[in-house]
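Trainee: The structure follows.
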Protein chains: 2
Amino acid sequence: MNLERVTVAGGGVLGSQIAYQSAFKGKTVIIYDINDEAIEQVKKRVNALRDQYKHDIQATDEQFDDGLSRLSFTTDLASAVADADLVIEAVPESPSIKHDLYHNLSAMAPERTIFASNSSTFVPSVYMEDTGRPDRFLNMHFANQIWMNNTAEIMGSPKTDPDVFAQIVRFAREIGMVPIELKKEQPGYVLNTLLIPLLNAGGYLWGNDIADPHTIDKTWMVGTGAPMGPFGILDVVGLRTCYNITKDQSGDNPQAQPFLAKVKEMLDEGKLGRESGEGFYHYPNPEFADPGFLKS
Amino acid sequence: MNLERVTVAGGGVLGSQIAYQSAFKGKTVIIYDINDEAIEQVKKRVNALRDQYKHDIQATDEQFDDGLSRLSFTTDLASAVADADLVIEAVPESPSIKHDLYHNLSAMAPERTIFASNSSTFVPSVYMEDTGRPDRFLNMHFANQIWMNNTAEIMGSPKTDPDVFAQIVRFAREIGMVPIELKKEQPGYVLNTLLIPLLNAGGYLWGNDIADPHTIDKTWMVGTGAPMGPFGILDVVGLRTCYNITKDQSGDNPQAQPFLAKVKEMLDEGKLGRESGEGFYHYPNPEFADPGFLKS
């Protein structure tokens, strides 16, 4: 069975991108959000994608409009999922919101409907029993700017039906994603399981005054051929997010404190990373993108 | 003072590269090794660089010969260092060999001579007292294939004179390196402090059957734009080296055992990485270098 009728629950930054990308690639998509005000914001987010699709992947206005024509919006969850092949959940990372949503979806959606969560922080077994269909539930996790950063990490719970997993892998390909198949539950999936230790090591070197951020990034870029180093990546992630995650994960671990103190200082100075125009680099033309950066 | 007369002690893989690269860039270089047989091997290694300099950095035969004309070989340490501005130590990572060498150098080399160790595993304070000149001693660490992987990580001990540090930074630039300045001693320098946690995370994901090596590398390459993932890097490092280092560092840590068991199996099958033509990929045309690898 092909998954053609898709409902995205939650039209935040990622939800609106997932919905639009699916419509752009030919799926019939409904975005659900909680009220009219929220829907207005979702529409703004979707419309703001036009310039990025045109600039980043050379979409024409006609192609972008074609995608829009397959996208609709509603605040009525029951009607949104009444005929859905697939519901992609992209609501806030709050257990109570997610538990409520899956309870509601469990009653409202047809038995055949597959549910997929875009959660970054929860593995699917946390919510599988709420769905009333643990065999038809799994995680499919996207990266920001999905039209360019086109990975979809796919992770089932121990109860996910392998056929459902395979259908979602196919769906991910159909909407232009590179499917990353996890064979077991793993917090952070593959990408963050690899990335976070690298970022932590960079934070350790800077936090303990062993080397400065530009030197650390230069070493990584020259040494591995990567297009940016850990501090360039932190600017993309955003220093506020980085601070909160590091604080959550490290608790009172003394190793993390010097790094946290330095990031706090930058936040107090309004250096939030790429979004504020300054973090470890200045934007829109960060120093690391200058060819001379790697040569001196 | 410019550092023009350079002696490289130990003409192994890295020693011969450091010596030739310095001569190629205009320095007058003597390579010391322990006996005539060793020197014959060093000469072979140096001559084998010709094809790589021609292929990788488009050096002409004339330019390569010009470098050779500034390079000489000896088994007599005293004469090798009698007029050296700089001695670069690249002998095996054995404490007794290194302690002996620095004791000898301490007596044989002029007071003005700077000593730099290419050691991967020892910070400079381990040997500084042997040198008789802790203020004129530090580490300068190169990567294999230094004509392309042109970082020189420079790390002083607490006793290194800042002027000596600055001279070595200048020297590194003169021989075509990007100097990476460490402000404190750090085992693994910058590059390995960043790299090893990434490789360990990849090993954890594969060792615990969460994802396979090609999927893990694909995720890293698509997600960060890097030219290879952790398993591509492990093939370059070599699986034997990887196995020994992981075993040394992890001891009986149960987290590392599944990974070690799988690497052991590959070693038993003769899959050593790039050097044997097969590791996680097949060489000389590894699967990850195929454009289709990132798209499916």
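As shown in the structure tokens, the chain order sets the letters A, B, ...; within each chain, residues go from 1, and ligands are also counted from 1 in the order they appear.
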At a cut-off of 8 Å, which residues of chain A touch chain B? Count only C-alpha atoms and give the answer as an NGL selection string.

Mentor: :A and (149-151 or 173 or 178-186 or 190-191 or 193-195 or 197-198 or 201-202 or 205 or 209-211 or 215-216 or 219-220 or 222-227 or 294-296)

Trainee: Got a sec: who's within 9 Å of stretch 6-20 of chain A, counting only C-alpha atoms, leaving out chain neighbours fewer than 3 positions off, as a PyMOL selection string?

Mentor: chain A and resi 3+23-25+27-34+38-39+41-43+45-46+49+67-68+70-71+77+80-81+83-92+101+118+142-147

Trainee: For B:Lys264, find every residue with an atom within 12 Å (counting only C-alpha atoms), except residues of its own chain fewer than 2 positions away, and show them as a PDB file with N, CA, C and O atoms, in the first residue's frame.

Mentor:
```
ATOM      1  N   GLY B 207      28.551  -1.832  17.196  1.00  0.00           N
ATOM      2  CA  GLY B 207      28.791  -2.925  18.138  1.00  0.00           C
ATOM      3  C   GLY B 207      27.504  -3.430  18.764  1.00  0.00           C
ATOM      4  O   GLY B 207      27.332  -4.626  19.002  1.00  0.00           O
ATOM      5  N   LEU B 239      42.467  -1.075  10.806  1.00  0.00           N
ATOM      6  CA  LEU B 239      41.680  -1.768  11.839  1.00  0.00           C
ATOM      7  C   LEU B 239      42.552  -2.345  12.942  1.00  0.00           C
ATOM      8  O   LEU B 239      42.114  -2.481  14.075  1.00  0.00           O
ATOM      9  N   ARG B 240      43.819  -2.649  12.609  1.00  0.00           N
ATOM     10  CA  ARG B 240      44.699  -3.197  13.625  1.00  0.00           C
ATOM     11  C   ARG B 240      45.005  -2.116  14.672  1.00  0.00           C
ATOM     12  O   ARG B 240      44.902  -2.348  15.875  1.00  0.00           O
ATOM     13  N   THR B 241      45.344  -0.924  14.187  1.00  0.00           N
ATOM     14  CA  THR B 241      45.614   0.202  15.088  1.00  0.00           C
ATOM     15  C   THR B 241      44.376   0.515  15.922  1.00  0.00           C
ATOM     16  O   THR B 241      44.445   0.715  17.135  1.00  0.00           O
ATOM     17  N   CYS B 242      43.238   0.566  15.248  1.00  0.00           N
ATOM     18  CA  CYS B 242      41.975   0.857  15.930  1.00  0.00           C
ATOM     19  C   CYS B 242      41.708  -0.166  17.037  1.00  0.00           C
ATOM     20  O   CYS B 242      41.331   0.194  18.159  1.00  0.00           O
ATOM     21  N   TYR B 243      41.931  -1.441  16.719  1.00  0.00           N
ATOM     22  CA  TYR B 243      41.689  -2.504  17.705  1.00  0.00           C
ATOM     23  C   TYR B 243      42.612  -2.332  18.913  1.00  0.00           C
ATOM     24  O   TYR B 243      42.168  -2.376  20.064  1.00  0.00           O
ATOM     25  N   ASN B 244      43.900  -2.094  18.642  1.00  0.00           N
ATOM     26  CA  ASN B 244      44.856  -1.968  19.751  1.00  0.00           C
ATOM     27  C   ASN B 244      44.556  -0.749  20.630  1.00  0.00           C
ATOM     28  O   ASN B 244      44.586  -0.834  21.851  1.00  0.00           O
ATOM     29  N   THR B 246      41.649   0.896  20.951  1.00  0.00           N
ATOM     30  CA  THR B 246      40.382   0.735  21.682  1.00  0.00           C
ATOM     31  C   THR B 246      40.574  -0.212  22.858  1.00  0.00           C
ATOM     32  O   THR B 246      40.066   0.028  23.961  1.00  0.00           O
ATOM     33  N   LYS B 247      41.333  -1.284  22.621  1.00  0.00           N
ATOM     34  CA  LYS B 247      41.569  -2.257  23.686  1.00  0.00           C
ATOM     35  C   LYS B 247      42.338  -1.613  24.846  1.00  0.00           C
ATOM     36  O   LYS B 247      41.967  -1.779  26.016  1.00  0.00           O
ATOM     37  N   GLN B 257      33.147  -3.908  24.338  1.00  0.00           N
ATOM     38  CA  GLN B 257      33.408  -5.300  23.955  1.00  0.00           C
ATOM     39  C   GLN B 257      32.712  -5.732  22.657  1.00  0.00           C
ATOM     40  O   GLN B 257      33.339  -6.401  21.827  1.00  0.00           O
ATOM     41  N   PRO B 258      31.435  -5.383  22.437  1.00  0.00           N
ATOM     42  CA  PRO B 258      30.805  -5.836  21.185  1.00  0.00           C
ATOM     43  C   PRO B 258      31.540  -5.290  19.960  1.00  0.00           C
ATOM     44  O   PRO B 258      31.740  -6.013  18.973  1.00  0.00           O
ATOM     45  N   PHE B 259      31.976  -4.053  20.045  1.00  0.00           N
ATOM     46  CA  PHE B 259      32.719  -3.459  18.934  1.00  0.00           C
ATOM     47  C   PHE B 259      34.041  -4.198  18.727  1.00  0.00           C
ATOM     48  O   PHE B 259      34.387  -4.595  17.606  1.00  0.00           O
ATOM     49  N   LEU B 260      34.766  -4.425  19.825  1.00  0.00           N
ATOM     50  CA  LEU B 260      36.057  -5.110  19.722  1.00  0.00           C
ATOM     51  C   LEU B 260      35.894  -6.510  19.116  1.00  0.00           C
ATOM     52  O   LEU B 260      36.696  -6.928  18.274  1.00  0.00           O
ATOM     53  N   ALA B 261      34.843  -7.221  19.531  1.00  0.00           N
ATOM     54  CA  ALA B 261      34.634  -8.576  19.015  1.00  0.00           C
ATOM     55  C   ALA B 261      34.412  -8.539  17.504  1.00  0.00           C
ATOM     56  O   ALA B 261      34.920  -9.387  16.757  1.00  0.00           O
ATOM     57  N   LYS B 262      33.654  -7.550  17.029  1.00  0.00           N
ATOM     58  CA  LYS B 262      33.382  -7.460  15.593  1.00  0.00           C
ATOM     59  C   LYS B 262      34.631  -7.072  14.805  1.00  0.00           C
ATOM     60  O   LYS B 262      34.841  -7.561  13.684  1.00  0.00           O
ATOM     61  N   MET B 266      36.827  -9.177  11.766  1.00  0.00           N
ATOM     62  CA  MET B 266      37.294  -8.644  10.485  1.00  0.00           C
ATOM     63  C   MET B 266      38.796  -8.859  10.324  1.00  0.00           C
ATOM     64  O   MET B 266      39.262  -9.228   9.244  1.00  0.00           O
ATOM     65  N   LEU B 267      39.548  -8.615  11.408  1.00  0.00           N
ATOM     66  CA  LEU B 267      40.999  -8.816  11.335  1.00  0.00           C
ATOM     67  C   LEU B 267      41.315 -10.266  10.997  1.00  0.00           C
ATOM     68  O   LEU B 267      42.181 -10.543  10.154  1.00  0.00           O
ATOM     69  N   ASP B 268      40.578 -11.190  11.615  1.00  0.00           N
ATOM     70  CA  ASP B 268      40.812 -12.608  11.343  1.00  0.00           C
ATOM     71  C   ASP B 268      40.532 -12.954   9.884  1.00  0.00           C
ATOM     72  O   ASP B 268      41.098 -13.906   9.338  1.00  0.00           O
ATOM     73  N   GLU B 269      39.651 -12.182   9.247  1.00  0.00           N
ATOM     74  CA  GLU B 269      39.346 -12.402   7.823  1.00  0.00           C
ATOM     75  C   GLU B 269      40.307 -11.634   6.913  1.00  0.00           C
ATOM     76  O   GLU B 269      40.110 -11.584   5.702  1.00  0.00           O
ATOM     77  N   GLY B 270      41.301 -10.977   7.509  1.00  0.00           N
ATOM     78  CA  GLY B 270      42.268 -10.234   6.696  1.00  0.00           C
ATOM     79  C   GLY B 270      41.781  -8.872   6.236  1.00  0.00           C
ATOM     80  O   GLY B 270      42.394  -8.248   5.370  1.00  0.00           O
ATOM     81  N   LYS B 271      40.684  -8.413   6.800  1.00  0.00           N
ATOM     82  CA  LYS B 271      40.186  -7.075   6.436  1.00  0.00           C
ATOM     83  C   LYS B 271      40.827  -6.044   7.364  1.00  0.00           C
ATOM     84  O   LYS B 271      40.381  -5.858   8.496  1.00  0.00           O
ATOM     85  N   LEU B 272      41.881  -5.390   6.868  1.00  0.00           N
ATOM     86  CA  LEU B 272      42.655  -4.482   7.727  1.00  0.00           C
ATOM     87  C   LEU B 272      42.332  -3.020   7.475  1.00  0.00           C
ATOM     88  O   LEU B 272      42.900  -2.139   8.096  1.00  0.00           O
ATOM     89  N   GLY B 279      38.100  -3.190   4.151  1.00  0.00           N
ATOM     90  CA  GLY B 279      37.828  -3.007   5.574  1.00  0.00           C
ATOM     91  C   GLY B 279      36.320  -2.896   5.679  1.00  0.00           C
ATOM     92  O   GLY B 279      35.608  -3.832   5.356  1.00  0.00           O
TER      93      GLY B 279
END
```

Trainee: What is the distance between atom CA of A:Tyr281 and atom CA of A:Val263, in Å to one decimal?

Mentor: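 Calculated distance between atom CA of A:Tyr281 and atom CA of A:Val263 is 13.5 Å.
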
Trainee: Enumerate the residues of stretch 20-264 of chain B with a DSSP assignment of strand (DSSP E or B), computed from the backbone, and present them as an MDAnalysis selection string.

Mentor: chainID B and resid 28:32 71:74 86:89 114:117 137:142 151:156 178:182

Trainee: Please save N, CA and C atoms of the selected residues as a CSV table (one decimal), in the first residue's frame.

Mentor:
```
chain,number,residue,atom,x,y,z
B,28,THR,N,67.5,22.8,5.1
B,28,THR,CA,68.6,21.8,5.0
B,28,THR,C,68.4,20.8,6.1
B,29,VAL,N,68.3,19.5,5.6
B,29,VAL,CA,67.8,18.5,6.5
B,29,VAL,C,68.7,17.3,6.6
B,30,ILE,N,69.0,16.8,7.8
B,30,ILE,CA,69.7,15.5,8.0
B,30,ILE,C,68.7,14.6,8.6
B,31,ILE,N,68.6,13.3,8.1
B,31,ILE,CA,67.9,12.3,8.8
B,31,ILE,C,68.9,11.4,9.5
B,32,TYR,N,68.6,11.2,10.8
B,32,TYR,CA,69.4,10.2,11.5
B,32,TYR,C,68.6,9.0,11.8
B,71,LEU,N,68.7,17.1,1.3
B,71,LEU,CA,68.4,16.0,2.3
B,71,LEU,C,69.6,15.1,2.4
B,72,SER,N,70.1,14.9,3.6
B,72,SER,CA,71.2,13.9,3.7
B,72,SER,C,70.9,12.9,4.9
B,73,PHE,N,71.7,11.8,5.0
B,73,PHE,CA,71.4,10.7,5.8
B,73,PHE,C,72.6,10.3,6.6
B,74,THR,N,72.4,10.0,7.9
B,74,THR,CA,73.5,9.6,8.7
B,74,THR,C,73.1,8.6,9.8
B,86,LEU,N,67.2,22.9,14.8
B,86,LEU,CA,66.0,22.2,15.3
B,86,LEU,C,66.2,20.7,15.1
B,87,VAL,N,65.9,20.0,16.2
B,87,VAL,CA,65.9,18.5,16.1
B,87,VAL,C,64.4,18.1,16.2
B,88,ILE,N,63.9,17.4,15.2
B,88,ILE,CA,62.6,16.9,15.3
B,88,ILE,C,62.7,15.4,15.6
B,89,GLU,N,62.1,15.0,16.8
B,89,GLU,CA,62.2,13.6,17.2
B,89,GLU,C,61.0,12.8,16.7
B,114,ILE,N,66.7,23.8,19.4
B,114,ILE,CA,65.4,23.5,19.9
B,114,ILE,C,65.1,22.0,19.6
B,115,PHE,N,64.4,21.4,20.5
B,115,PHE,CA,64.0,20.0,20.3
B,115,PHE,C,62.5,19.9,20.2
B,116,ALA,N,62.0,19.2,19.2
B,116,ALA,CA,60.5,19.1,19.1
B,116,ALA,C,60.2,17.6,18.9
B,117,SER,N,59.2,17.1,19.6
B,117,SER,CA,58.8,15.7,19.5
B,117,SER,C,57.6,15.6,18.7
B,137,PHE,N,62.0,23.0,24.5
B,137,PHE,CA,61.5,21.7,24.1
B,137,PHE,C,60.0,21.8,24.1
B,138,LEU,N,59.4,21.2,23.1
B,138,LEU,CA,57.9,21.1,22.9
B,138,LEU,C,57.5,20.0,22.0
B,139,ASN,N,56.2,19.8,21.8
B,139,ASN,CA,55.8,18.8,20.8
B,139,ASN,C,55.3,19.5,19.5
B,140,MET,N,55.6,18.9,18.4
B,140,MET,CA,55.0,19.4,17.1
B,140,MET,C,54.6,18.1,16.4
B,141,HIS,N,53.3,17.9,16.3
B,141,HIS,CA,52.7,16.6,15.8
B,141,HIS,C,52.1,16.7,14.5
B,142,PHE,N,52.6,15.8,13.6
B,142,PHE,CA,52.1,15.8,12.2
B,142,PHE,C,51.2,14.7,11.9
B,151,THR,N,48.4,19.6,8.9
B,151,THR,CA,48.3,20.3,10.2
B,151,THR,C,49.6,19.9,11.0
B,152,ALA,N,50.0,20.9,11.8
B,152,ALA,CA,51.1,20.6,12.8
B,152,ALA,C,50.5,21.1,14.1
B,153,GLU,N,50.2,20.2,15.0
B,153,GLU,CA,49.7,20.5,16.3
B,153,GLU,C,50.9,20.8,17.2
B,154,ILE,N,50.9,22.0,17.8
B,154,ILE,CA,52.0,22.5,18.6
B,154,ILE,C,51.6,22.6,20.0
B,155,MET,N,52.3,22.0,20.9
B,155,MET,CA,51.9,21.9,22.3
B,155,MET,C,53.2,22.0,23.2
B,156,GLY,N,53.3,23.0,24.0
B,156,GLY,CA,54.4,23.1,24.9
B,156,GLY,C,54.1,22.5,26.2
B,178,VAL,N,49.6,24.0,8.5
B,178,VAL,CA,48.8,24.9,9.2
B,178,VAL,C,49.0,24.7,10.7
B,179,PRO,N,49.6,25.6,11.4
B,179,PRO,CA,49.9,25.4,12.8
B,179,PRO,C,48.7,25.4,13.7
B,180,ILE,N,48.5,24.4,14.5
B,180,ILE,CA,47.4,24.3,15.5
B,180,ILE,C,48.0,24.6,16.8
B,181,GLU,N,47.7,25.7,17.4
B,181,GLU,CA,48.4,26.1,18.7
B,181,GLU,C,47.6,25.6,19.9
B,182,LEU,N,48.2,24.8,20.7
B,182,LEU,CA,47.5,24.4,22.0
B,182,LEU,C,48.1,25.2,23.1
```

Trainee: One decimal, in Å: what's the spacing between atom CA of A:Gly273 and atom CA of A:Gly238?

Mentor: 5.1 Å

Trainee: Write down as a count of residues only the residues of stretch 47-179 of chain B whose backbone DSSP state falls under alpha helix (DSSP H).

Mentor: 52

Trainee: I'd like the contact shell of A:Asp130 - 7 Å cut-off, only C-alpha atoms, skipping same-chain residues fewer than 2 positions apart - returned as a PyMOL selection string.

Mentor: chain A and resi 99+102-103+127-128+132

Trainee: Work out how far apart atom CA of B:Gln52 and atom CA of B:Phe171 are and give it in Å to one decimal.

Mentor: 23.1 Å
